[in-house]
Amino acid sequence: MTVRVALIQDSPVFFDLDETVRKVEKLAEKYAAEGCNLIIFPESFIPGYPRGFDFGAVIGSRTQEGRELYAIYHENSLDLQGKHLKRLEKLSEKLGVYLVIGATEKERVNSSLYCSMLYISPKEGLLGVHRKIKPTGTERLVWAEADGRSLVSFDTSVGRLGGLICWENYMPLARMSMYQKGLDIYIAPTADAREQWTATMRHIALEGRCFVLGCNQYFTRSMYPETYKKLVDPSTEEICPGGSLIVSPLGEVIEGPLFGSPGALVADLDLRQVPASRLDFDVNGHYNRKDIFTFEVKGQPETKTEKFKS
């Protein structure tokens, strides 16, 4: 079975929920027209990754300006009970494509924000959500932690999908929680634009013997609205140069890494390569010494299978 995937390396309409969803619609329409079955968007594409922002916080003190900025971020984050998710579900259904979208998600009850990855099916709508279990560094100021219930995976018509966000991918046990689900396609939206990220994606592909899709934004200081430019370092124009890439189950880079410009990576993935690659190494099978090691993930759900999976 062959799946055509598109990794979107682009910029949101920063801190504007409605316009960013509109941009997602346009980009999805473009790559669906090119025959893509699965379209991936970067970490916190909706409504933007707040790189360089400190939200007026230092240890022991917060400013009113920082609180007001957080309120704007909260207002433009995605509510899973709101109209914008319904728009994305209708988009997926209309185009007949699967969407995996990085979004900052809000809850109505506790007002906390989460760095999330939404899995949307053209058949069932929202399949589920992975929330980052450990925000990195000062991300913890604005994003809450999730628990094991967020380590989701989905058996779909385009393969078994799952993944982790950004530096969660440096957590060996979090990776193993994904491997034990037998993923065909491991999805890694990120904000990490270092060259070293390429090595990380190749390692995960070799370790998990699955296709790995590393998807990042391309963003410059000029793309910030004028209100926010003063909050980031004026000496750096190219804030996030990208680095998206697609890796085979044997660790070979199929497309990318794409640095220095917006764009998209498109590739046809032959899912038969996944079991073939496990001939000599299967991290969850014949290369797993279950007689020596035990592994438990508290709260991780069973893989969800689409009701209408063909």
# chains A, B, ... in the order shown; residues from 1 in each chain; ligands from 1
$ residues_around --residues "Lys30 in chain A" --least-positions-apart "5" --cutoff "12 Å" --atoms "only C-alpha atoms" --output "list in words"
Ala6, Ile8, Lys23, Val24, Glu25, Gly35, Cys36, Ile39, Leu95, Val97, Gly263, Ala264 and Val266 of chain A
$ closest_atom_pairs --of "range 45-73 of chain A" --to "range 225-231 of chain A" --cutoff "12 Å" --atoms "only C-alpha atoms" --output "Markdown table"
| residue | atom | partner | partner_atom | distance |
| --- | --- | --- | --- | --- |
| A:Gly48 | CA | A:Pro225 | CA | 11.7 |
| A:Pro50 | CA | A:Tyr228 | CA | 9.8 |
| A:Arg51 | CA | A:Leu231 | CA | 9.6 |
| A:Gly52 | CA | A:Leu231 | CA | 7.0 |
| A:Phe53 | CA | A:Leu231 | CA | 6.2 |
| A:Asp54 | CA | A:Leu231 | CA | 8.2 |
| A:Phe55 | CA | A:Leu231 | CA | 9.2 |
| A:Gly56 | CA | A:Leu231 | CA | 9.9 |
| A:Glu65 | CA | A:Leu231 | CA | 11.3 |
| A:Gly66 | CA | A:Leu231 | CA | 10.7 |
| A:Leu69 | CA | A:Tyr228 | CA | 9.6 |
| A:Ile72 | CA | A:Tyr228 | CA | 11.8 |
$ write_last_selection --atoms "C-alpha atoms" --output "compact mmCIF listing (two decimals), in the first residue's frame"
# COMPACT_ATOMS: atom_id res chain seq x y z
CA GLY A 48 1.74 30.04 16.15
CA PRO A 50 5.61 31.98 20.44
CA ARG A 51 9.36 31.80 19.88
CA GLY A 52 11.29 34.45 21.78
CA PHE A 53 8.41 35.46 24.06
CA ASP A 54 8.93 35.49 27.84
CA PHE A 55 5.35 36.49 28.76
CA GLY A 56 6.78 38.95 31.26
CA GLU A 65 1.72 42.97 30.08
CA GLY A 66 2.75 39.31 30.13
CA LEU A 69 -0.26 38.57 26.13
CA ILE A 72 -4.46 36.90 23.68
$ atom_distance --atom1 "CA of Asn76 in chain A" --atom2 "CA of Phe15 in chain A"
6.0 Å
$ residues_around --residues "range 283-297 of chain A" --least-positions-apart "3" --cutoff "12 Å" --atoms "only C-alpha atoms" --output "PyMOL selection string"
chain A and resi 147-152+172-183+204-210+275+277-280+300-302
$ closest_residue --among "A:Cys215, A:Ala57, A:Val158, A:Leu141" --to "Glu306 in chain A" --atoms "only C-alpha atoms"
A:Val158
$ atom_distance --atom1 "CA of Gly125 in chain A" --atom2 "CA of Glu89 in chain A"
5.0 Å
$ atom_distance --atom1 "CA of Lys90 in chain A" --atom2 "CA of Thr190 in chain A"
25.6 Å
$ select_by_dssp --residues "range 60-300 of chain A" --states "alpha helix (DSSP H)" --output "PyMOL selection string"
chain A and resi 64-75+83-95+172-179+196-208+226-229+273-277
$ residues_around --residues "His74 in chain A" --least-positions-apart "3" --cutoff "10 Å" --atoms "only C-alpha atoms" --output "PyMOL selection string"
chain A and resi 15+47+68-71+77-79+104-107+111-113+142
$ select_by_dssp --residues "range 52-209 of chain A" --states "strand (DSSP E)" --output "PDB file with N, CA and C atoms, in the first residue's frame"
ATOM      1  N   ALA A  57       7.708  37.024  32.443  1.00  0.00           N
ATOM      2  CA  ALA A  57       7.910  36.205  33.638  1.00  0.00           C
ATOM      3  C   ALA A  57       9.383  35.967  33.933  1.00  0.00           C
ATOM      4  N   VAL A  58       9.750  36.166  35.171  1.00  0.00           N
ATOM      5  CA  VAL A  58      11.017  35.684  35.719  1.00  0.00           C
ATOM      6  C   VAL A  58      10.665  35.004  37.039  1.00  0.00           C
ATOM      7  N   SER A  61       8.270  36.641  39.738  1.00  0.00           N
ATOM      8  CA  SER A  61       7.583  37.857  39.300  1.00  0.00           C
ATOM      9  C   SER A  61       6.979  37.674  37.915  1.00  0.00           C
ATOM     10  N   ARG A  62       5.769  38.216  37.714  1.00  0.00           N
ATOM     11  CA  ARG A  62       5.113  38.269  36.416  1.00  0.00           C
ATOM     12  C   ARG A  62       4.585  39.684  36.189  1.00  0.00           C
ATOM     13  N   LEU A  78      -6.995  26.788  20.135  1.00  0.00           N
ATOM     14  CA  LEU A  78      -8.068  25.969  19.569  1.00  0.00           C
ATOM     15  C   LEU A  78      -8.897  25.302  20.661  1.00  0.00           C
ATOM     16  N   ASP A  79     -10.192  25.480  20.590  1.00  0.00           N
ATOM     17  CA  ASP A  79     -11.151  24.857  21.500  1.00  0.00           C
ATOM     18  C   ASP A  79     -11.744  23.650  20.776  1.00  0.00           C
ATOM     19  N   TYR A  98      -6.449  12.747   5.366  1.00  0.00           N
ATOM     20  CA  TYR A  98      -6.174  12.774   6.797  1.00  0.00           C
ATOM     21  C   TYR A  98      -5.317  14.001   7.104  1.00  0.00           C
ATOM     22  N   LEU A  99      -5.653  14.672   8.194  1.00  0.00           N
ATOM     23  CA  LEU A  99      -4.909  15.842   8.632  1.00  0.00           C
ATOM     24  C   LEU A  99      -4.325  15.567  10.011  1.00  0.00           C
ATOM     25  N   VAL A 100      -3.051  15.898  10.183  1.00  0.00           N
ATOM     26  CA  VAL A 100      -2.424  15.893  11.505  1.00  0.00           C
ATOM     27  C   VAL A 100      -1.882  17.304  11.707  1.00  0.00           C
ATOM     28  N   ILE A 101      -2.419  17.995  12.722  1.00  0.00           N
ATOM     29  CA  ILE A 101      -2.178  19.433  12.852  1.00  0.00           C
ATOM     30  C   ILE A 101      -1.663  19.757  14.247  1.00  0.00           C
ATOM     31  N   GLY A 102      -0.535  20.467  14.302  1.00  0.00           N
ATOM     32  CA  GLY A 102      -0.028  20.975  15.566  1.00  0.00           C
ATOM     33  C   GLY A 102      -0.799  22.211  15.974  1.00  0.00           C
ATOM     34  N   ALA A 103      -1.308  22.219  17.206  1.00  0.00           N
ATOM     35  CA  ALA A 103      -2.115  23.347  17.669  1.00  0.00           C
ATOM     36  C   ALA A 103      -1.906  23.564  19.159  1.00  0.00           C
ATOM     37  N   THR A 104      -1.967  24.817  19.565  1.00  0.00           N
ATOM     38  CA  THR A 104      -2.110  25.103  20.988  1.00  0.00           C
ATOM     39  C   THR A 104      -3.594  25.018  21.297  1.00  0.00           C
ATOM     40  N   GLU A 105      -3.917  24.127  22.215  1.00  0.00           N
ATOM     41  CA  GLU A 105      -5.304  23.771  22.518  1.00  0.00           C
ATOM     42  C   GLU A 105      -5.676  24.302  23.898  1.00  0.00           C
ATOM     43  N   LYS A 106      -6.908  24.759  24.031  1.00  0.00           N
ATOM     44  CA  LYS A 106      -7.364  25.252  25.327  1.00  0.00           C
ATOM     45  C   LYS A 106      -8.530  24.412  25.833  1.00  0.00           C
ATOM     46  N   LEU A 113      -3.512  25.735  28.742  1.00  0.00           N
ATOM     47  CA  LEU A 113      -3.202  25.491  27.349  1.00  0.00           C
ATOM     48  C   LEU A 113      -2.332  24.248  27.235  1.00  0.00           C
ATOM     49  N   TYR A 114      -2.451  23.555  26.106  1.00  0.00           N
ATOM     50  CA  TYR A 114      -1.661  22.358  25.838  1.00  0.00           C
ATOM     51  C   TYR A 114      -1.079  22.446  24.431  1.00  0.00           C
ATOM     52  N   CYS A 115       0.144  21.966  24.288  1.00  0.00           N
ATOM     53  CA  CYS A 115       0.738  21.831  22.959  1.00  0.00           C
ATOM     54  C   CYS A 115       0.285  20.485  22.414  1.00  0.00           C
ATOM     55  N   SER A 116      -0.557  20.497  21.401  1.00  0.00           N
ATOM     56  CA  SER A 116      -1.273  19.298  20.978  1.00  0.00           C
ATOM     57  C   SER A 116      -1.041  18.960  19.510  1.00  0.00           C
ATOM     58  N   MET A 117      -1.319  17.703  19.201  1.00  0.00           N
ATOM     59  CA  MET A 117      -1.290  17.201  17.835  1.00  0.00           C
ATOM     60  C   MET A 117      -2.651  16.548  17.581  1.00  0.00           C
ATOM     61  N   LEU A 118      -3.418  17.101  16.630  1.00  0.00           N
ATOM     62  CA  LEU A 118      -4.765  16.629  16.327  1.00  0.00           C
ATOM     63  C   LEU A 118      -4.720  15.667  15.145  1.00  0.00           C
ATOM     64  N   TYR A 119      -5.389  14.527  15.295  1.00  0.00           N
ATOM     65  CA  TYR A 119      -5.521  13.540  14.218  1.00  0.00           C
ATOM     66  C   TYR A 119      -6.960  13.595  13.712  1.00  0.00           C
ATOM     67  N   ILE A 120      -7.124  13.969  12.444  1.00  0.00           N
ATOM     68  CA  ILE A 120      -8.456  14.160  11.876  1.00  0.00           C
ATOM     69  C   ILE A 120      -8.625  13.245  10.673  1.00  0.00           C
ATOM     70  N   SER A 121      -9.700  12.476  10.685  1.00  0.00           N
ATOM     71  CA  SER A 121      -9.997  11.500   9.635  1.00  0.00           C
ATOM     72  C   SER A 121     -11.111  12.007   8.733  1.00  0.00           C
ATOM     73  N   GLY A 125     -13.890  12.238  11.450  1.00  0.00           N
ATOM     74  CA  GLY A 125     -13.581  13.515  12.083  1.00  0.00           C
ATOM     75  C   GLY A 125     -12.407  13.361  13.041  1.00  0.00           C
ATOM     76  N   LEU A 126     -12.481  14.016  14.179  1.00  0.00           N
ATOM     77  CA  LEU A 126     -11.371  13.976  15.136  1.00  0.00           C
ATOM     78  C   LEU A 126     -11.233  12.573  15.712  1.00  0.00           C
ATOM     79  N   LEU A 127     -10.116  11.918  15.405  1.00  0.00           N
ATOM     80  CA  LEU A 127      -9.840  10.591  15.960  1.00  0.00           C
ATOM     81  C   LEU A 127      -9.358  10.697  17.398  1.00  0.00           C
ATOM     82  N   GLY A 128      -8.557  11.719  17.674  1.00  0.00           N
ATOM     83  CA  GLY A 128      -8.018  11.904  19.012  1.00  0.00           C
ATOM     84  C   GLY A 128      -6.928  12.951  19.008  1.00  0.00           C
ATOM     85  N   VAL A 129      -6.373  13.180  20.200  1.00  0.00           N
ATOM     86  CA  VAL A 129      -5.404  14.253  20.398  1.00  0.00           C
ATOM     87  C   VAL A 129      -4.245  13.740  21.241  1.00  0.00           C
ATOM     88  N   HIS A 130      -3.034  14.042  20.790  1.00  0.00           N
ATOM     89  CA  HIS A 130      -1.856  13.863  21.637  1.00  0.00           C
ATOM     90  C   HIS A 130      -1.482  15.225  22.206  1.00  0.00           C
ATOM     91  N   ARG A 131      -1.382  15.290  23.530  1.00  0.00           N
ATOM     92  CA  ARG A 131      -0.889  16.493  24.194  1.00  0.00           C
ATOM     93  C   ARG A 131       0.531  16.247  24.681  1.00  0.00           C
ATOM     94  N   SER A 153      -2.541   6.352  19.503  1.00  0.00           N
ATOM     95  CA  SER A 153      -2.185   5.828  18.189  1.00  0.00           C
ATOM     96  C   SER A 153      -3.462   5.395  17.483  1.00  0.00           C
ATOM     97  N   PHE A 154      -3.399   5.341  16.150  1.00  0.00           N
ATOM     98  CA  PHE A 154      -4.619   5.140  15.368  1.00  0.00           C
ATOM     99  C   PHE A 154      -4.336   4.220  14.187  1.00  0.00           C
ATOM    100  N   ASP A 155      -5.175   3.197  14.041  1.00  0.00           N
ATOM    101  CA  ASP A 155      -5.082   2.284  12.908  1.00  0.00           C
ATOM    102  C   ASP A 155      -6.058   2.779  11.851  1.00  0.00           C
ATOM    103  N   THR A 156      -5.515   3.316  10.764  1.00  0.00           N
ATOM    104  CA  THR A 156      -6.332   4.013   9.770  1.00  0.00           C
ATOM    105  C   THR A 156      -6.134   3.423   8.382  1.00  0.00           C
ATOM    106  N   GLY A 159      -2.520   3.648   7.239  1.00  0.00           N
ATOM    107  CA  GLY A 159      -1.506   3.047   8.094  1.00  0.00           C
ATOM    108  C   GLY A 159      -1.745   3.330   9.552  1.00  0.00           C
ATOM    109  N   ARG A 160      -0.889   2.740  10.374  1.00  0.00           N
ATOM    110  CA  ARG A 160      -0.977   2.947  11.817  1.00  0.00           C
ATOM    111  C   ARG A 160      -0.155   4.181  12.168  1.00  0.00           C
ATOM    112  N   LEU A 161      -0.840   5.193  12.735  1.00  0.00           N
ATOM    113  CA  LEU A 161      -0.250   6.510  12.961  1.00  0.00           C
ATOM    114  C   LEU A 161      -0.053   6.770  14.453  1.00  0.00           C
ATOM    115  N   GLY A 162       0.986   7.513  14.776  1.00  0.00           N
ATOM    116  CA  GLY A 162       1.228   7.995  16.127  1.00  0.00           C
ATOM    117  C   GLY A 162       2.435   8.910  16.093  1.00  0.00           C
ATOM    118  N   GLY A 163       2.878   9.350  17.261  1.00  0.00           N
ATOM    119  CA  GLY A 163       4.069  10.193  17.282  1.00  0.00           C
ATOM    120  C   GLY A 163       4.161  11.042  18.522  1.00  0.00           C
ATOM    121  N   ILE A 185       3.737   4.870  10.518  1.00  0.00           N
ATOM    122  CA  ILE A 185       4.143   6.256  10.274  1.00  0.00           C
ATOM    123  C   ILE A 185       4.218   6.979  11.616  1.00  0.00           C
ATOM    124  N   TYR A 186       5.414   7.451  11.940  1.00  0.00           N
ATOM    125  CA  TYR A 186       5.696   8.145  13.200  1.00  0.00           C
ATOM    126  C   TYR A 186       5.809   9.629  12.869  1.00  0.00           C
ATOM    127  N   ILE A 187       4.964  10.454  13.503  1.00  0.00           N
ATOM    128  CA  ILE A 187       4.844  11.862  13.141  1.00  0.00           C
ATOM    129  C   ILE A 187       5.464  12.720  14.238  1.00  0.00           C
ATOM    130  N   ALA A 188       6.364  13.621  13.850  1.00  0.00           N
ATOM    131  CA  ALA A 188       7.123  14.418  14.823  1.00  0.00           C
ATOM    132  C   ALA A 188       7.106  15.892  14.453  1.00  0.00           C
ATOM    133  N   PRO A 189       5.987  16.594  14.681  1.00  0.00           N
ATOM    134  CA  PRO A 189       5.989  18.050  14.498  1.00  0.00           C
ATOM    135  C   PRO A 189       6.926  18.684  15.518  1.00  0.00           C
TER     136      PRO A 189
END
$ closest_residue --among "A:Leu27, A:Leu265, A:Val232, A:Leu213" --to "Ser248 in chain A" --atoms "only C-alpha atoms"
A:Leu213
